[in-house]
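Take a look at the structure set out below.
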2 protein chains.
Amino acid sequence: MSDPRNTYTSLIAAIKEISLLASAGSVLHWDEETHMPPKGAEHRGDQVSLIARLTHEQFTSPKIGQMLAEIEQSDLVKDREGDVATNVRELRRTYDRATKLPASLVEEMSKTAVMAHHAWIDARKKSDYATFKPHLAKTLYLKHQEANCIDPHKPIYDVMLDEYEPAETTANLNRVFQSLREPLVDLVGKIASSSKKAPVQILEQKYPAAAQEALAIEASKQIGFDYDAGRLDISVHPFCTDLGPHDIRMTTRYDESYFGDAFFGVLHESGHALYEQGLPHEHWGTPLGSAISLGIHESQSRMWENLVGRSRAFWEFFYPKTQEVFAHQLADVTLEQWHFAINDVRPSFIRTESDEATYNLHILLRFEMEQAMLSGEVSVDDVPAAWNEKMKNYFGLTPPDDAKGCLQDVHWSHGSIGYFPTYTLGNLYAAQFFDQARKDVPDLERSFTRGNFKPLLDWLRDRIHRHGKRYTATELVKRVTGRKLSAEPLLDHLRRNARDLYDVS
Amino acid sequence: MSDPRNTYTSLIAAIKEISLLASAGSVLHWDEETHMPPKGAEHRGDQVSLIARLTHEQFTSPKIGQMLAEIEQSDLVKDREGDVATNVRELRRTYDRATKLPASLVEEMSKTAVMAHHAWIDARKKSDYATFKPHLAKTLYLKHQEANCIDPHKPIYDVMLDEYEPAETTANLNRVFQSLREPLVDLVGKIASSSKKAPVQILEQKYPAAAQEALAIEASKQIGFDYDAGRLDISVHPFCTDLGPHDIRMTTRYDESYFGDAFFGVLHESGHALYEQGLPHEHWGTPLGSAISLGIHESQSRMWENLVGRSRAFWEFFYPKTQEVFAHQLADVTLEQWHFAINDVRPSFIRTESDEATYNLHILLRFEMEQAMLSGEVSVDDVPAAWNEKMKNYFGLTPPDDAKGCLQDVHWSHGSIGYFPTYTLGNLYAAQFFDQARKDVPDLERSFTRGNFKPLLDWLRDRIHRHGKRYTATELVKRVTGRKLSAEPLLDHLRRNARDLYDVS
């Protein structure tokens with residue numbers, strides 16, 4: 001038998017090469033979204049499929065399984081939080097997920113997703129749920145098949161979650177989300193009834209795209225994004241992608257009649273990017289050099305977007321610059337008015353347009369719908385009615401049609417079920433981490449008022465970024481904050497804002 | 001034995017997949033030159049190497065050789081100009097070149113090129129030939145090894161040529177180039193002595209980059225470049241690359257103190273791009289869907305850049321637009337002055353800055369130097385002296401230092417020997433093709449004056465583009481123009497300009 005150390009070295013070399021090839025696929029995807037001419041789409045699809053096939057073939061080869069098994073039986077994995085154990089644990093998880101699905105099922109899922117996505121585009125345009133319904137039914141059916149292949153003994157929604165939020169459980173999410181729901185519905189209701197209204201028309205003036213871009217770049221530089229190791233471009237759907245350890249690309253879009261989208265969008269993507277730029281580069285391409293989960297990734301983007309980017313302290317530093325750039329638009333606008341405008345809270349139909357507080361109610365609704373659809377408690381026939389009932393309960397609103405209701409999101413058409421909760425997980429983690437950072441770093445927010453974000457970034461790099469996937473999200477939050485995930489820090493934060501801005505107690 | 005038709009189908013599928021993967025590598029290269037942040041370079045190098053290794057492994061696999069042999073012995077290749085024979089002939093040529101070189105030699109060549117390139121950068125900066133000399137000697141030594149592996153019975157320069165200009169011979173080039181040299185030296189000398197001087201200061205005003213770009217895009221659209229199937233971006237070294245059958249990317253660079261570079265550069269790259277956009281897309285990734293040679297590619301770029309783009313007819317249409325865009329700069333400039341300025345001819349040291357006429361003398365010099373270096377007639381010690389002597393003979397100039405002499409070009413440092421002649425071949429083919437188009441298409445140049453370039457583009461697509469590699473360059477020129485390659489059409493064109501602009505007869 002060979003030395004397991006050599007086997008581990010070979011395994012890591014193989015995995016890094018697979019990641020290297022996959023990262024070429026990421027370049028193709030980035031170009032597709034940002035620069036590719038329209039007629040290039042078909043060939044690009046072929047290129048992307050080929051690279052996906054090659055990486056899948058290499059990763060699922062029996063040789064990888066044999067190497068994993070050999071190392072798992074050795075002393076190398078004794079230290080559960082050691083480098084080897086971390087990489088092997090996570091590679092085993094993804095290897096099993098990748099090899100347990102028969103090729104025929106993968107193909108059917110992929111075909112169904114293409115058909116469902118086309119049907120969804122059509123259904124949303126016409127606001128006709130019936131067009132999408134059979135595809136949703138097929139998707140749910142295949143999700144049961146998938147879960148059955150991966151682990152028939154686990155609750156199905158746990159298997160769904162495991163793809164996006166490894167080691168997270170439905171039970172734990174229900175615990176935290178339930179403790180968030182009622183107080184949040186209550187808070188949002190009170191804000192809606194407050195006589196104070198945010199002066200949002202400030203944000204609805206003409207803001208030329210070039211000036212918005214320059215300001216967003218300045219802000220992202222100020223918080224620490226390294227433009228020698230990344231870029232900002234334009235795409236229809238904003239995203240952040242890692243093309244290599246020193247090449248992190250963000251995108252945004254500019255709406256010239258609204259200030260908020262691009263600026264806070266760039267802060268959001270910068271949060272993702274700072275996480276990527278802070279991962280240990282020597283482990284790039286392996287679990288140790290990768291982000292923990294979508295929820296932890298989102299905690300980084302939400303922290304910079306909301307807890308930093310919408311804070312009074314941030315704007316004490318940044319508002320004078322903003323006023324200089326938009327001298328005409330903001331001549332008579334005070335810092336107080338600006339700060340209130342960017343922290344507007346109001347119930348609305350569309351998740352992607354919603355504010356920091358109500359956003360989470362949109363997610364709770366989807367999380368509950370997904371569980372109910374998978375268990376059969378809500379049949380595909382009843383999805384619109386169940387959706388609308390929850391909208392009424394949480395927001396006091398009834399969608400005028402299904403396009404503004406259960407058809408608004410792309411996720412289910414892609415077969416992504418179990419993805420939505422990671423958004424609110426991100427908000428919860430962000431608030432709990434930020435709360436801890438405030439305790440650990442003296443004068444954290446005072447440093448923001450001087451444009452100094454390094455203390456926070458250093459704290460994030462030390463406590464979160466440099467560990468890659470060494471800890472699960474659950475372990476990390478316990479390690480960093482001394483307690484398990486709780487809804488309180490987020491509720492505290494939202495209540496503080498409600499009190500300061502809306503006079504809501 | 002299997003049906004050779006099935007074997008051919010399998011071969012083409014394998015080749016198309018290799019080309020598909022290689023085209024992902026082209027996206028990586030395009031991004032590297034146009035958008036990649038500086039710190040991304042190292043990882044990008046790893047990505048590019050991996051894709052090059054994978055495509056090389058796939059293309060040189062014995063299976064490809066077996067399929068080729070099987071089809072070569074069948075009736076499928078009977079028709080020498082048929083689809084199968086064309087693809088098999090060209091795949092055999094590249095397969096043999098790729099498999100005949102031992103891996104150790106390929107590795108040594110690649111390492112030597114990296115070292116030589118670094119040494120060249122340093123040598124050129126210091127204008128110190130001694131720094132580059134040992135690397136040039138090593139490169140020449142390896143070129144002998146390479147030629148010996150590929151075909152020890154062929155003249156070495158023929159083997160070099162075959163990489164860039166398949167089926168071309170040194171003897172044929174010497175024939176044509178010799179008939180060009182003396183008349184051209186004579187013509188350039190007469191122009192230099194003419195009392196008429198082109199008003200080049202017109203081009204040396206401030207031309208803002210954004211306006212240059214808009215004008216260049218308008219011109220490239222006008223001649224037929226499809227921006228739904230391509231793009232124009234900025235890079236340090238302009239190029240054109242095929243990322244897929246409907247995705248052709250061009251680049252240029254803008255010098256705000258000189259009009260010529262970007263505008264004629266974009267016309268040049270558009271010429272390459274129109275060839276790529278005109279190749280038969282159903283054969284993409286195979287020889288039938290590929291350009292014949294560098295020389296034929298260059299004939300397309302040179303035709304649009306020089307024979308069309310610097311013609312009086314083109315500017316009768318385009319000068320009013322240009323004058324509108326640069327109203328201030330061109331207020332007092334007549335069409336005649338403009339046309340003379342953009343057709344300036346004058347001896348100079350640097351090839352890349354030289355004009356349409358003297359450019360070819362730079363190439364003849366390098367072509368002769370390369371043959372002399374490979375035969376040993378000029379030793380590496382004598383390169384600067386031999387270079388300078390030729391400069392004196394052809395241009396009447398002596399370079400002030402080697403940076404402006406034998407160290408000016410990057411090509412030898414990359415190990416590219418046999419590449420230079422394709423530039424002048426391009427000019428010769430361009431003139432001979434254009435001469436023929438004038439005969440075949442009634443009122444060709446009158447259509448230019450109305451902004452109609454479709455008759456020329458249609459002619460090029462029918463006579464040249466749609467055939468891919470079906471004919472060799474030598475066969476094509478005979479087929480299209482009825483005679484073999486001659487220096488006369490190019491000399492006629494240059495003499496006409498000299499007569500009209502410089503009063504030189």
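In the structure tokens, chains take letters A, B, ... by order of appearance, with residues numbered from 1 within each chain and ligands from 1 in the order shown.
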
Expected answer as a PDB file with N, CA and C atoms, in the first residue's frame: chain A residues within 7 Å of chain B, only C-alpha atoms:
```pdb
ATOM      1  N   LEU A  20      -8.831  24.277 -11.729  1.00  0.00           N
ATOM      2  CA  LEU A  20      -8.209  25.160 -12.719  1.00  0.00           C
ATOM      3  C   LEU A  20      -9.022  25.134 -14.019  1.00  0.00           C
ATOM      4  N   LEU A  21      -9.404  23.929 -14.441  1.00  0.00           N
ATOM      5  CA  LEU A  21     -10.207  23.815 -15.660  1.00  0.00           C
ATOM      6  C   LEU A  21     -11.581  24.454 -15.444  1.00  0.00           C
ATOM      7  N   ALA A  24     -11.584  28.101 -15.893  1.00  0.00           N
ATOM      8  CA  ALA A  24     -11.660  28.552 -17.290  1.00  0.00           C
ATOM      9  C   ALA A  24     -13.128  28.676 -17.688  1.00  0.00           C
ATOM     10  N   VAL A  27     -14.460  31.953 -16.553  1.00  0.00           N
ATOM     11  CA  VAL A  27     -14.125  33.057 -17.458  1.00  0.00           C
ATOM     12  C   VAL A  27     -15.159  33.105 -18.592  1.00  0.00           C
ATOM     13  N   LEU A  28     -15.499  31.929 -19.136  1.00  0.00           N
ATOM     14  CA  LEU A  28     -16.493  31.865 -20.213  1.00  0.00           C
ATOM     15  C   LEU A  28     -17.828  32.445 -19.740  1.00  0.00           C
ATOM     16  N   PRO A  37     -20.940  39.022 -27.745  1.00  0.00           N
ATOM     17  CA  PRO A  37     -21.971  39.475 -28.683  1.00  0.00           C
ATOM     18  C   PRO A  37     -23.100  38.443 -28.773  1.00  0.00           C
ATOM     19  N   PRO A  38     -24.330  38.911 -29.071  1.00  0.00           N
ATOM     20  CA  PRO A  38     -25.491  38.008 -28.975  1.00  0.00           C
ATOM     21  C   PRO A  38     -25.376  36.728 -29.806  1.00  0.00           C
ATOM     22  N   LYS A  39     -24.790  36.835 -31.005  1.00  0.00           N
ATOM     23  CA  LYS A  39     -24.722  35.629 -31.851  1.00  0.00           C
ATOM     24  C   LYS A  39     -23.714  34.595 -31.341  1.00  0.00           C
ATOM     25  N   GLY A  40     -22.932  34.976 -30.325  1.00  0.00           N
ATOM     26  CA  GLY A  40     -21.957  34.026 -29.775  1.00  0.00           C
ATOM     27  C   GLY A  40     -22.560  33.008 -28.820  1.00  0.00           C
ATOM     28  N   HIS A  43     -22.455  28.862 -29.479  1.00  0.00           N
ATOM     29  CA  HIS A  43     -21.116  28.288 -29.345  1.00  0.00           C
ATOM     30  C   HIS A  43     -20.655  28.345 -27.891  1.00  0.00           C
ATOM     31  N   GLN A  47     -19.190  25.432 -25.448  1.00  0.00           N
ATOM     32  CA  GLN A  47     -17.912  25.497 -24.722  1.00  0.00           C
ATOM     33  C   GLN A  47     -18.122  25.201 -23.235  1.00  0.00           C
ATOM     34  N   ASP A 228      -6.431  45.736  -8.566  1.00  0.00           N
ATOM     35  CA  ASP A 228      -5.368  45.040  -9.304  1.00  0.00           C
ATOM     36  C   ASP A 228      -5.611  43.536  -9.331  1.00  0.00           C
ATOM     37  N   ALA A 229      -6.580  43.097  -8.537  1.00  0.00           N
ATOM     38  CA  ALA A 229      -6.904  41.671  -8.482  1.00  0.00           C
ATOM     39  C   ALA A 229      -8.394  41.469  -8.735  1.00  0.00           C
ATOM     40  N   GLY A 230      -8.978  42.364  -9.533  1.00  0.00           N
ATOM     41  CA  GLY A 230     -10.399  42.234  -9.806  1.00  0.00           C
ATOM     42  C   GLY A 230     -10.914  43.368 -10.674  1.00  0.00           C
ATOM     43  N   ARG A 231     -12.174  43.330 -11.030  1.00  0.00           N
ATOM     44  CA  ARG A 231     -12.790  44.330 -11.891  1.00  0.00           C
ATOM     45  C   ARG A 231     -14.246  44.529 -11.499  1.00  0.00           C
ATOM     46  N   GLY A 244      -9.954  33.067 -10.385  1.00  0.00           N
ATOM     47  CA  GLY A 244      -8.626  32.647  -9.957  1.00  0.00           C
ATOM     48  C   GLY A 244      -8.356  33.343  -8.636  1.00  0.00           C
ATOM     49  N   HIS A 246      -6.392  35.544  -7.649  1.00  0.00           N
ATOM     50  CA  HIS A 246      -6.156  36.994  -7.663  1.00  0.00           C
ATOM     51  C   HIS A 246      -6.938  37.663  -8.789  1.00  0.00           C
ATOM     52  N   ASP A 247      -8.107  37.149  -9.075  1.00  0.00           N
ATOM     53  CA  ASP A 247      -8.901  37.690 -10.173  1.00  0.00           C
ATOM     54  C   ASP A 247     -10.382  37.507  -9.847  1.00  0.00           C
TER      55      ASP A 247
END
```

**Asked** Per DSSP on the backbone, what are the helix (DSSP H, G or I) residues of region 143-327 of chain A, as number ranges by chain?
**Response** A: 143-150, 156-164, 170-193, 200-204, 209-223, 227-229, 260-278, 281-283, 287-289, 294-308, 312-325

Generate the output file for the selected residues, C-alpha atoms, as a compact mmCIF listing (two decimals), in the first residue's frame.
```
# COMPACT_ATOMS: atom_id res chain seq x y z
CA LYS A 143 -36.11 16.51 -6.52
CA HIS A 144 -37.60 13.51 -4.71
CA GLN A 145 -35.66 11.18 -7.00
CA GLU A 146 -32.51 13.15 -6.42
CA ALA A 147 -32.86 13.13 -2.63
CA ASN A 148 -33.60 9.44 -2.71
CA CYS A 149 -30.35 8.74 -4.59
CA ILE A 150 -28.24 10.95 -2.35
CA ILE A 156 -35.67 15.53 1.92
CA TYR A 157 -35.30 19.24 2.67
CA ASP A 158 -32.06 18.51 4.55
CA VAL A 159 -30.69 16.94 1.38
CA MET A 160 -31.76 20.02 -0.60
CA LEU A 161 -30.12 22.36 1.92
CA ASP A 162 -26.90 20.37 1.95
CA GLU A 163 -26.13 21.48 -1.62
CA TYR A 164 -26.01 25.17 -0.67
CA THR A 170 -34.30 22.07 8.37
CA ALA A 171 -34.99 21.73 12.09
CA ASN A 172 -32.38 24.34 12.98
CA LEU A 173 -33.63 26.72 10.30
CA ASN A 174 -37.18 26.33 11.51
CA ARG A 175 -36.04 27.12 15.04
CA VAL A 176 -34.29 30.36 14.05
CA PHE A 177 -36.69 31.46 11.33
CA GLN A 178 -39.70 30.95 13.60
CA SER A 179 -38.17 33.16 16.25
CA LEU A 180 -37.65 35.79 13.57
CA ARG A 181 -41.05 35.66 11.90
CA GLU A 182 -43.48 37.02 14.44
CA PRO A 183 -41.35 39.90 15.76
CA LEU A 184 -40.49 40.88 12.18
CA VAL A 185 -44.10 40.87 10.98
CA ASP A 186 -44.90 42.97 14.01
CA LEU A 187 -42.05 45.43 13.38
CA VAL A 188 -42.82 45.84 9.68
CA GLY A 189 -46.48 46.43 10.53
CA LYS A 190 -45.56 49.16 13.00
CA ILE A 191 -43.23 50.83 10.50
CA ALA A 192 -45.98 50.78 7.88
CA SER A 193 -48.29 52.55 10.33
CA VAL A 200 -37.25 58.24 -1.09
CA GLN A 201 -37.81 60.79 -3.86
CA ILE A 202 -34.24 61.94 -3.10
CA LEU A 203 -33.04 58.68 -4.64
CA GLU A 204 -35.40 58.89 -7.60
CA ALA A 209 -24.41 56.17 -14.91
CA ALA A 210 -20.78 57.28 -15.30
CA ALA A 211 -20.89 59.26 -12.05
CA GLN A 212 -22.65 56.39 -10.26
CA GLU A 213 -19.91 54.07 -11.46
CA ALA A 214 -17.09 56.33 -10.34
CA LEU A 215 -18.67 56.70 -6.90
CA ALA A 216 -19.32 52.96 -6.52
CA ILE A 217 -15.71 52.20 -7.50
CA GLU A 218 -14.47 54.71 -4.97
CA ALA A 219 -16.61 53.16 -2.23
CA SER A 220 -15.53 49.60 -3.03
CA LYS A 221 -11.86 50.67 -3.05
CA GLN A 222 -12.36 52.44 0.27
CA ILE A 223 -13.69 49.29 1.95
CA TYR A 227 -8.76 46.51 -8.34
CA ASP A 228 -5.37 45.04 -9.30
CA ALA A 229 -6.90 41.67 -8.48
CA GLY A 260 -29.82 52.78 -4.82
CA ASP A 261 -29.47 49.77 -7.12
CA ALA A 262 -25.94 50.18 -8.38
CA PHE A 263 -24.32 51.70 -5.30
CA PHE A 264 -25.62 49.20 -2.75
CA GLY A 265 -25.34 46.46 -5.37
CA VAL A 266 -21.62 47.17 -5.69
CA LEU A 267 -21.17 47.23 -1.91
CA HIS A 268 -22.99 43.89 -1.82
CA GLU A 269 -20.80 42.33 -4.53
CA SER A 270 -17.73 43.87 -2.88
CA GLY A 271 -18.66 41.98 0.27
CA HIS A 272 -18.64 38.73 -1.70
CA ALA A 273 -15.42 39.79 -3.41
CA LEU A 274 -13.63 40.71 -0.17
CA TYR A 275 -14.41 37.22 1.11
CA GLU A 276 -12.94 35.69 -2.07
CA GLN A 277 -9.91 37.99 -1.92
CA GLY A 278 -9.43 36.99 1.74
CA HIS A 281 -4.66 31.58 -1.80
CA GLU A 282 -2.24 28.69 -1.29
CA HIS A 283 -5.28 26.44 -0.93
CA PRO A 287 -12.12 23.18 0.14
CA LEU A 288 -9.57 24.85 2.45
CA GLY A 289 -9.35 27.72 -0.02
CA LEU A 294 -23.88 30.39 0.40
CA GLY A 295 -25.17 31.62 3.76
CA ILE A 296 -21.72 32.63 4.98
CA HIS A 297 -20.96 34.19 1.58
CA GLU A 298 -24.16 36.18 1.82
CA SER A 299 -23.29 37.26 5.37
CA GLN A 300 -20.24 39.03 3.94
CA SER A 301 -22.15 40.78 1.15
CA ARG A 302 -25.02 41.78 3.45
CA MET A 303 -22.70 43.08 6.13
CA TRP A 304 -20.97 45.50 3.75
CA GLU A 305 -24.18 46.41 1.95
CA ASN A 306 -26.43 46.94 4.96
CA LEU A 307 -24.68 46.97 8.32
CA VAL A 308 -21.82 49.07 7.00
CA ARG A 312 -24.95 56.55 9.69
CA ALA A 313 -21.21 56.17 10.38
CA PHE A 314 -20.43 55.17 6.76
CA TRP A 315 -22.27 58.18 5.39
CA GLU A 316 -20.68 60.63 7.77
CA PHE A 317 -17.58 59.84 5.80
CA PHE A 318 -19.06 59.21 2.37
CA TYR A 319 -21.95 61.67 2.08
CA PRO A 320 -19.78 64.76 1.53
CA LYS A 321 -18.13 62.95 -1.42
CA THR A 322 -21.51 61.90 -2.75
CA GLN A 323 -22.82 65.43 -2.44
CA GLU A 324 -19.78 66.68 -4.34
CA VAL A 325 -20.39 64.24 -7.23
```

**Item:** CA of Asp255 (chain B) to CA of Lys206 (chain B), distance in Å rounded to a single decimal
**Value:**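 Between CA of Asp255 (chain B) and CA of Lys206 (chain B) the gap is 8.9 Å.
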
List every residue of region 26-271 of chain B that DSSP, applied to the backbone, labels as strand (DSSP E or B), and write the result as a short mmCIF file (atom, residue, chain, number, x, y, z; two decimals) with N, CA and C atoms, in the first residue's frame.
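Writing the result to part.cif gives the following:
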```cif
data_model
loop_
_atom_site.label_atom_id
_atom_site.label_comp_id
_atom_site.auth_asym_id
_atom_site.auth_seq_id
_atom_site.Cartn_x
_atom_site.Cartn_y
_atom_site.Cartn_z
N GLY B 230 -19.51 39.97 -32.98
CA GLY B 230 -18.14 40.37 -32.68
C GLY B 230 -18.07 41.64 -31.88
N ARG B 231 -16.86 42.05 -31.53
CA ARG B 231 -16.65 43.23 -30.70
C ARG B 231 -15.35 43.92 -31.10
N LEU B 232 -15.21 45.16 -30.62
CA LEU B 232 -13.95 45.88 -30.73
C LEU B 232 -13.57 46.32 -29.32
N ASP B 233 -12.38 45.95 -28.86
CA ASP B 233 -11.91 46.34 -27.53
C ASP B 233 -10.52 46.95 -27.65
N ILE B 234 -9.95 47.30 -26.51
CA ILE B 234 -8.64 47.94 -26.47
C ILE B 234 -7.59 46.96 -25.94
N CYS B 240 -6.88 40.18 -33.82
CA CYS B 240 -8.24 39.71 -34.14
C CYS B 240 -8.25 38.24 -33.80
N THR B 241 -9.29 37.78 -33.08
CA THR B 241 -9.32 36.37 -32.71
C THR B 241 -10.73 35.82 -32.84
N ASP B 242 -10.77 34.56 -33.22
CA ASP B 242 -12.02 33.83 -33.43
C ASP B 242 -12.33 33.06 -32.16
N ILE B 248 -16.30 37.00 -33.26
CA ILE B 248 -14.97 37.41 -33.72
C ILE B 248 -14.61 38.72 -33.01
N ARG B 249 -13.54 38.70 -32.26
CA ARG B 249 -13.16 39.88 -31.47
C ARG B 249 -11.94 40.57 -32.07
N MET B 250 -12.04 41.90 -32.21
CA MET B 250 -10.92 42.70 -32.69
C MET B 250 -10.48 43.62 -31.56
N THR B 251 -9.23 44.04 -31.60
CA THR B 251 -8.77 45.06 -30.65
C THR B 251 -7.97 46.12 -31.39
N THR B 252 -7.85 47.26 -30.73
CA THR B 252 -6.99 48.32 -31.25
C THR B 252 -6.48 49.12 -30.06
#
```

All residues 10 Å or closer to Leu91 (chain A), only C-alpha atoms, same chain fewer than 6 positions away omitted, as a short mmCIF file (atom, residue, chain, number, x, y, z; two decimals) with C-alpha atoms, in the first residue's frame:
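Result written to around-v9.cif:
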```cif
data_model
loop_
_atom_site.label_atom_id
_atom_site.label_comp_id
_atom_site.auth_asym_id
_atom_site.auth_seq_id
_atom_site.Cartn_x
_atom_site.Cartn_y
_atom_site.Cartn_z
CA LEU A 11 -5.43 13.93 -4.66
CA ILE A 15 -8.43 18.51 -7.43
CA PHE A 59 -14.02 14.59 -10.48
CA ILE A 64 -10.70 10.07 -6.81
CA GLY A 65 -12.95 7.77 -4.75
CA LEU A 68 -10.38 9.49 -0.66
CA ALA A 85 -9.43 16.19 7.41
CA ARG A 97 -23.32 13.88 -4.23
CA THR A 286 -9.51 22.99 -2.66
CA PRO A 287 -12.12 23.18 0.14
#
```

**Complete:** Expressed in Å, the length from CA of Ser505 (chain A) to CA of Leu491 (chain A) is 12.4 Å

**Message:** I'd like the neighbourhood of Thr358 (chain B) as a PyMOL selection string, where a residue qualifies if any of its atoms comes within 7 Å (using only C-alpha atoms), though same-chain residues fewer than 4 positions away should be ignored.
**Reply:** chain B and resi 188+347+354+362

Resulting file, chosen residues, N, CA and C atoms, as an mmCIF file, in the first residue's frame:
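Produced file out.cif, reproduced below:
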```
data_model
loop_
_atom_site.group_PDB
_atom_site.id
_atom_site.type_symbol
_atom_site.label_atom_id
_atom_site.label_comp_id
_atom_site.auth_asym_id
_atom_site.auth_seq_id
_atom_site.Cartn_x
_atom_site.Cartn_y
_atom_site.Cartn_z
ATOM 1 N N VAL B 188 11.010 53.859 -53.863
ATOM 2 C CA VAL B 188 11.098 54.526 -52.557
ATOM 3 C C VAL B 188 12.160 55.625 -52.587
ATOM 4 N N PRO B 347 11.212 56.443 -45.902
ATOM 5 C CA PRO B 347 12.066 55.439 -45.259
ATOM 6 C C PRO B 347 12.162 55.688 -43.757
ATOM 7 N N SER B 354 6.068 51.760 -40.268
ATOM 8 C CA SER B 354 6.368 52.123 -41.657
ATOM 9 C C SER B 354 5.116 52.117 -42.526
ATOM 10 N N HIS B 362 11.283 46.304 -45.321
ATOM 11 C CA HIS B 362 11.598 45.778 -43.983
ATOM 12 C C HIS B 362 11.464 44.253 -43.975
#
```

**Request:** Please provide the set of residues having any atom within 9 Å of region 386-392 of chain B, restricted to only C-alpha atoms, with same-chain residues fewer than 5 positions apart removed, written as a list in words.
**Result:**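 Returned residues: Phe349, Leu361, His362, Leu365, Arg366, Met369, Val378, Leu397, Thr398, Pro399, Asp402, Gly405 and Cys406 of chain B.
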
Write out, as a JSON list (two decimals), in the first residue's frame, the residues just selected, with N, CA and C atoms.
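Writing done, so here's out.json:
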```json
[["chain", "number", "residue", "atom", "x", "y", "z"],
["B", 349, "PHE", "N", 13.20, 53.55, -39.67],
["B", 349, "PHE", "CA", 13.90, 52.42, -39.05],
["B", 349, "PHE", "C", 12.97, 51.29, -38.61],
["B", 361, "LEU", "N", 10.08, 46.44, -47.79],
["B", 361, "LEU", "CA", 11.55, 46.39, -47.75],
["B", 361, "LEU", "C", 12.01, 45.89, -46.38],
["B", 362, "HIS", "N", 11.28, 46.30, -45.32],
["B", 362, "HIS", "CA", 11.60, 45.78, -43.98],
["B", 362, "HIS", "C", 11.46, 44.25, -43.97],
["B", 365, "LEU", "N", 14.25, 42.40, -46.04],
["B", 365, "LEU", "CA", 15.47, 42.38, -45.20],
["B", 365, "LEU", "C", 15.43, 41.21, -44.21],
["B", 366, "ARG", "N", 14.29, 41.05, -43.50],
["B", 366, "ARG", "CA", 14.19, 39.99, -42.49],
["B", 366, "ARG", "C", 14.17, 38.60, -43.12],
["B", 369, "MET", "N", 17.68, 37.86, -43.99],
["B", 369, "MET", "CA", 18.45, 37.63, -42.76],
["B", 369, "MET", "C", 18.17, 36.24, -42.20],
["B", 378, "VAL", "N", 25.37, 34.13, -42.32],
["B", 378, "VAL", "CA", 25.57, 35.21, -41.35],
["B", 378, "VAL", "C", 25.58, 34.56, -39.97],
["B", 397, "LEU", "N", 19.58, 54.31, -44.98],
["B", 397, "LEU", "CA", 19.61, 54.74, -43.57],
["B", 397, "LEU", "C", 20.52, 53.81, -42.77],
["B", 398, "THR", "N", 21.11, 54.34, -41.72],
["B", 398, "THR", "CA", 21.86, 53.50, -40.77],
["B", 398, "THR", "C", 21.24, 53.65, -39.39],
["B", 399, "PRO", "N", 20.73, 52.55, -38.80],
["B", 399, "PRO", "CA", 20.11, 52.64, -37.48],
["B", 399, "PRO", "C", 21.07, 53.24, -36.45],
["B", 402, "ASP", "N", 21.01, 49.26, -32.03],
["B", 402, "ASP", "CA", 20.37, 47.98, -32.37],
["B", 402, "ASP", "C", 18.91, 47.92, -31.95],
["B", 405, "GLY", "N", 17.36, 48.74, -34.70],
["B", 405, "GLY", "CA", 17.80, 47.87, -35.78],
["B", 405, "GLY", "C", 17.35, 46.44, -35.53],
["B", 406, "CYS", "N", 18.31, 45.54, -35.40],
["B", 406, "CYS", "CA", 18.00, 44.10, -35.38],
["B", 406, "CYS", "C", 17.28, 43.64, -34.12]]
```

**Asked** For His493 (chain B), which residue out of B:Lys125, B:Arg310, B:His237, B:Arg80 is the nearest one, using only C-alpha atoms?
**Response**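 Closest to His493 (chain B) of all the choices is B:Arg310.
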
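Going from CA of Asp355 (chain A) to CA of Ile342 (chain A) covers 9.2 Å.
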